[in-house]
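Step one of this worksheet: look at the structure below.
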Amino acid sequence: MNAPLAPSQLQPAPAAPDRYATHTVKNQAAPAAGFNAFDGDRVLKAAIEREASWAASAASELGALAGDADVQELARLANKHLPELKTHDRYGNRIDWVEFHPAWHELMALAWKHEVHSLAWNATAPHPHFARAVQSYLWNQVEHGVGCPTGMAYAAYAGFGSEPALKIWAEKVRGTQYEFSRSEVADKPAVVIGYAMTEKQGGSDLRETQTTAVLSHSSDYHGAIAYWYELTGHKWFCSVPQSDGFFTLAKVAGGVTCFFLPRTLPDGSYNRFFIQRLKDKSGNKSNASSEIEYSGTLAIRVGAEGAGLREILSHSHLTRLDFAVGSAGLMRQSLSLALNHCSTRKAFGGPLARQPMMANVLADMAVEVEAATLLALRVAKATDYIGRDAQQTAFARVATPMAKFFNCSRAPAVANEALQCHGGNGFIEENPMARIYREAPLNSVWEGAANMMCMDVRRAMRKDPACRDALLEEIHSVRGQHKLFDAFAAHLAPLVDGMLADEFLARPASEALARAIQGVELLRHSPPEVVDAFMTTRLGGAPGSWGAMFGSLGASVTQAQAHTIVDRAQVVR
């Protein structure tokens with residue numbers, strides 16, 4: 001059987017003679033392909049040049065994949081042909097395995113090759129977390145389902161560091177050669193890592209974990225002593241259940257404890273890890289998420305008994321950062337598709353993008369995406385200083401859940417507006433906008449929904465006043481550069497103090513702080529037309545200056561300014 005042609009090999013049929021033609025296709029948008037999502041992104045490219053110029057070449061290579069028609073086809077196929085659970089083989093043996101379309105594996109291989117999961121741990125140059133955030137931002141414009149395993153592998157490296165028996169896993173998770181197999185860790189060039197925390201009765205409250213663990217034995221495990229426990233219980237959400245190993249939680253004598261669970265044991269046998277079913281999710285279709293059961297399942301204790309929540313939180317800030325970055329990347333993809341559609345399709349005598357109301361919509365979205373991108377990258381930069389700079393460490397502690405809350409909450413609004421820019425074409429499955437629209441809300445609920453993130457913002461500042469001080473000092477660092485920003489900033493300290501006294505104010509305070517940090521970053525790095533549009537709409541507050549919907553830039557922003565903002569945001573032409 002011949003292999004199917006790639007999109008770049010497909011050519012339209014020769015035009016039929018006019019007497020047979022029923023219609024001529026014209027005035028459709030140009031394909032959003034053949035571009036570089038990094039080289040054409042002024043905001044992202046300038047950020048790398050400022051902070052991690054050594055990573056520009058790698059970012060450009062990945063940016064080219066995002067704009068490649070064949071890679072876009074892999075994303076479509078991976079989401080059309082969904083994962084399938086195989087609980088048993090043909091002979092009746094329990095195997096608990098997941099089968100994927102070849103497109104999924106090709107995408108995983110590309111992600112691993114380009115270090116989307118590992119650049120922060122492999123690089124020796126300055127700001128490796130910042131550089132890795134740029135890779136994740138770009139990958140989230142390729143395929144979002146593969147963004148889950150890359151993000152979990154990124155965070156897992158931090159978790160392996162506290163347990164000597166898991167040193168081999170720390171080495172393998174940095175590998176760049178993806179392999180889909182059930183080989184034991186020592187025999188693999190790289191590994192995929194999952195997390196299994198949530199249970200039916202607890203949701204985000206991990207203290208309600210009901211899975212139990214009892215000490216089984218200790219043994220040498222790849223050169224170090226591992227303490228093995230038998231786990232019994234269930235997990236309600238386990239993404240990427242075909243992973244090589246998982247971080248999970250169970251109670252030991254009533255105390256929630258962290259464990260690492262290899263799918264394949266040292267003797268080559270398969271662990272007792274039973275996949276009950278795959279979740280039928282609204283979005284993120286290419287990625288398998290599941291319900292699993294433990295019954296005499298062996299796992300290695302990580303950290304002390306009863307210290308599981310503290311242990312798992314020691315690397316959850318990296319997954320939260322990744323969701324803030326990933327949502328910004330998803331917003332950027334939405335904007336790029338909308339800009340391409342509106343710039344290459346005509347209506348009412350000219351390109352859609354030049355019609356007054358559409359220019360307002362696109363400019364408004366572009367301001368939102370630039371602000372979201374700079375916010376996420378600022379948190380990534382602070383992450384590079386954790387443990388080395390007290391102020392930046394405190395800033396990262398409070399800004400990570402803040403950015404995760406805000407960017408993830410804004411992504412659905414941007415995706416919705418970008419879909420509307422396409423009209424009915426945006427709601428068709430052949431258009432990636434339909435997939436993005438379903439994907440956009442998901443990051444908000446992964447790793448803690450909005451309320452959980454705002455609670456963590458409040459908790460960080462209540463527990464450590466240095467977090468509050470670090471945020472306010474960051475905001476005060478640009479005082480005097482814009483009067484609207486100064487007026488907005490003047491109200492922040494009382495609002496923050498009110499939140500510290502009353503949880504009811506946690507969400508409005510977290511939103512205000514996120515907008516303020518966006519304003520700081522825009523003042524530092526963006527041109528006047530973007531800064532002024534942001535300040536007069538997001539922070540100005542005058543009636544009519546901005547509404548709840550995109551495209552409601554007020555009279556303070558002219559059409560000429562809107563066109564300039566739109567031109568700046570163009571990646572695909």
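Chains: A, B, ... in order of the structure tokens. Residues: from 1 per chain. Ligands: from 1, in order shown.
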
Practice prompt. Fewer than 2 positions away in the same chain doesn't count, so skip those; otherwise give me all residues within 10 Å of Tyr227 (chain A), counting only C-alpha atoms, as a ChimeraX atom specification.
Written response: /A:165,215-221,224-225,229,259,298-302

Store the residues picked out above, limited to N, CA, C and O atoms, as a short mmCIF file (atom, residue, chain, number, x, y, z; two decimals), in the first residue's frame.
```
data_model
loop_
_atom_site.label_atom_id
_atom_site.label_comp_id
_atom_site.auth_asym_id
_atom_site.auth_seq_id
_atom_site.Cartn_x
_atom_site.Cartn_y
_atom_site.Cartn_z
N ALA A 165 17.60 7.10 44.93
CA ALA A 165 17.27 5.91 44.14
C ALA A 165 16.70 6.26 42.77
O ALA A 165 16.63 5.39 41.89
N LEU A 215 4.73 -0.42 53.77
CA LEU A 215 6.10 -0.78 53.41
C LEU A 215 6.18 -2.25 53.01
O LEU A 215 5.69 -3.13 53.72
N SER A 216 6.79 -2.50 51.89
CA SER A 216 6.96 -3.87 51.39
C SER A 216 8.38 -4.37 51.63
O SER A 216 8.60 -5.37 52.32
N HIS A 217 9.38 -3.65 51.13
CA HIS A 217 10.77 -4.08 51.28
C HIS A 217 11.68 -2.95 50.81
O HIS A 217 11.22 -1.96 50.23
N SER A 218 12.95 -3.10 51.07
CA SER A 218 13.95 -2.20 50.52
C SER A 218 14.90 -3.01 49.66
O SER A 218 15.09 -4.21 49.89
N SER A 219 15.48 -2.37 48.65
CA SER A 219 16.38 -3.09 47.76
C SER A 219 17.28 -2.10 47.04
O SER A 219 17.00 -0.89 46.99
N ASP A 220 18.36 -2.64 46.49
CA ASP A 220 19.22 -1.82 45.64
C ASP A 220 18.48 -1.55 44.33
O ASP A 220 17.96 -2.47 43.69
N TYR A 221 18.43 -0.29 43.96
CA TYR A 221 17.73 0.09 42.72
C TYR A 221 18.66 1.00 41.93
O TYR A 221 18.80 2.18 42.23
N ALA A 224 21.35 2.56 44.38
CA ALA A 224 20.95 3.22 45.63
C ALA A 224 19.83 2.41 46.27
O ALA A 224 19.14 1.64 45.61
N ILE A 225 19.65 2.60 47.57
CA ILE A 225 18.60 1.88 48.29
C ILE A 225 17.25 2.55 48.04
O ILE A 225 17.09 3.76 48.25
N TYR A 229 6.91 0.39 48.58
CA TYR A 229 5.64 0.26 49.29
C TYR A 229 4.62 -0.36 48.35
O TYR A 229 4.71 -0.20 47.12
N PHE A 259 5.13 9.20 46.27
CA PHE A 259 5.75 7.99 45.74
C PHE A 259 6.04 8.16 44.25
O PHE A 259 5.40 8.96 43.57
N LEU A 298 3.57 -1.56 43.32
CA LEU A 298 4.83 -1.20 43.96
C LEU A 298 5.28 0.20 43.55
O LEU A 298 5.25 0.56 42.37
N ALA A 299 5.70 0.97 44.55
CA ALA A 299 6.17 2.32 44.30
C ALA A 299 7.27 2.67 45.30
O ALA A 299 7.30 2.18 46.43
N ILE A 300 8.17 3.54 44.86
CA ILE A 300 9.31 3.98 45.68
C ILE A 300 8.92 5.24 46.44
O ILE A 300 8.41 6.21 45.84
N ARG A 301 9.15 5.24 47.75
CA ARG A 301 8.85 6.43 48.55
C ARG A 301 9.79 7.56 48.16
O ARG A 301 11.00 7.37 47.98
N VAL A 302 9.23 8.77 48.03
CA VAL A 302 9.99 9.97 47.72
C VAL A 302 9.84 10.94 48.89
O VAL A 302 8.74 11.41 49.18
#
```

Worksheet item: Please, which residues of region 348-481 of chain A, numbered as in this document, come out helix (DSSP H, G or I) from DSSP, as a PyMOL selection string?
Response: chain A and resi 352-354+356-383+390-427+432-439+442-445+450-463+465-476

Please identify every residue of region 31-92 of chain A that has at least one atom no farther than 12 Å from an atom of region 355-367 of chain A, counting only C-alpha atoms, and for each give the shortest atom pair and the distance in Å to one decimal, arranged by chain then increasing number, as JSON lines.
```
{"residue": "A:Asp41", "atom": "CA", "partner": "A:Ala366", "partner_atom": "CA", "distance": 11.5}
{"residue": "A:Arg42", "atom": "CA", "partner": "A:Ala366", "partner_atom": "CA", "distance": 11.8}
{"residue": "A:Val43", "atom": "CA", "partner": "A:Ala366", "partner_atom": "CA", "distance": 10.7}
```

Could you save those same residues with C-alpha atoms as a PDB file, in the first residue's frame?
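Heads up, here's the output in selection.pdb:
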```pdb
ATOM      1  CA  ASP A  41       6.997  37.011  16.404  1.00  0.00           C
ATOM      2  CA  ARG A  42       8.504  40.363  17.373  1.00  0.00           C
ATOM      3  CA  VAL A  43       7.683  39.997  21.062  1.00  0.00           C
TER       4      VAL A  43
END
```

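Taking only C-alpha atoms, the non-local environment of Ala466 (chain A) within 9 Å (same-chain residues fewer than 6 positions away omitted) comprises Ala390, Gln391, Ala394 and Phe395 of chain A.
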
Discussion item. Need to verify the contact set: Pro465 (chain A), 12 Å, only C-alpha atoms, exclusion of same-chain residues closer than 6 positions in sequence. Can you return it as a list in words?
Written reply: Gln391, Ala394, Phe395, Arg397, Val398, Val457, Arg458, Arg459, Leu471, Leu472, Val496, Asp497 and Leu500 of chain A

Output N, CA and C atoms of each residue in that selection to a file, as an mmCIF file, in the first residue's frame.
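Full text of result_23.cif as output:
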```
data_model
loop_
_atom_site.group_PDB
_atom_site.id
_atom_site.type_symbol
_atom_site.label_atom_id
_atom_site.label_comp_id
_atom_site.auth_asym_id
_atom_site.auth_seq_id
_atom_site.Cartn_x
_atom_site.Cartn_y
_atom_site.Cartn_z
ATOM 1 N N GLN A 391 14.762 37.917 46.562
ATOM 2 C CA GLN A 391 13.628 38.687 46.062
ATOM 3 C C GLN A 391 12.976 37.997 44.860
ATOM 4 N N ALA A 394 11.002 34.973 46.014
ATOM 5 C CA ALA A 394 9.706 35.369 46.572
ATOM 6 C C ALA A 394 8.741 35.793 45.471
ATOM 7 N N PHE A 395 9.267 36.507 44.482
ATOM 8 C CA PHE A 395 8.431 36.923 43.353
ATOM 9 C C PHE A 395 7.891 35.702 42.614
ATOM 10 N N ARG A 397 7.450 32.711 43.729
ATOM 11 C CA ARG A 397 6.522 31.962 44.576
ATOM 12 C C ARG A 397 5.095 32.481 44.446
ATOM 13 N N VAL A 398 4.917 33.793 44.402
ATOM 14 C CA VAL A 398 3.576 34.351 44.354
ATOM 15 C C VAL A 398 3.108 34.618 42.926
ATOM 16 N N VAL A 457 -1.992 32.394 45.818
ATOM 17 C CA VAL A 457 -1.445 33.756 45.825
ATOM 18 C C VAL A 457 -1.592 34.346 47.224
ATOM 19 N N ARG A 458 -2.780 34.208 47.770
ATOM 20 C CA ARG A 458 -3.043 34.741 49.108
ATOM 21 C C ARG A 458 -2.207 34.017 50.155
ATOM 22 N N ARG A 459 -2.151 32.690 50.053
ATOM 23 C CA ARG A 459 -1.403 31.891 51.023
ATOM 24 C C ARG A 459 0.082 32.254 51.014
ATOM 25 N N LEU A 471 6.334 41.612 45.000
ATOM 26 C CA LEU A 471 5.390 42.041 43.970
ATOM 27 C C LEU A 471 5.268 43.562 43.916
ATOM 28 N N LEU A 472 5.080 44.166 45.069
ATOM 29 C CA LEU A 472 4.890 45.619 45.098
ATOM 30 C C LEU A 472 6.158 46.356 44.672
ATOM 31 N N VAL A 496 -4.445 44.505 48.187
ATOM 32 C CA VAL A 496 -3.706 43.320 48.624
ATOM 33 C C VAL A 496 -3.902 43.095 50.120
ATOM 34 N N ASP A 497 -3.806 44.150 50.885
ATOM 35 C CA ASP A 497 -3.993 44.013 52.334
ATOM 36 C C ASP A 497 -5.413 43.565 52.663
ATOM 37 N N LEU A 500 -5.536 39.848 52.089
ATOM 38 C CA LEU A 500 -4.874 39.107 53.159
ATOM 39 C C LEU A 500 -5.784 38.947 54.360
#
```

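Atom pair CA of Gly498 (chain A) / CA of Ala449 (chain A): separated by 22.2 Å.
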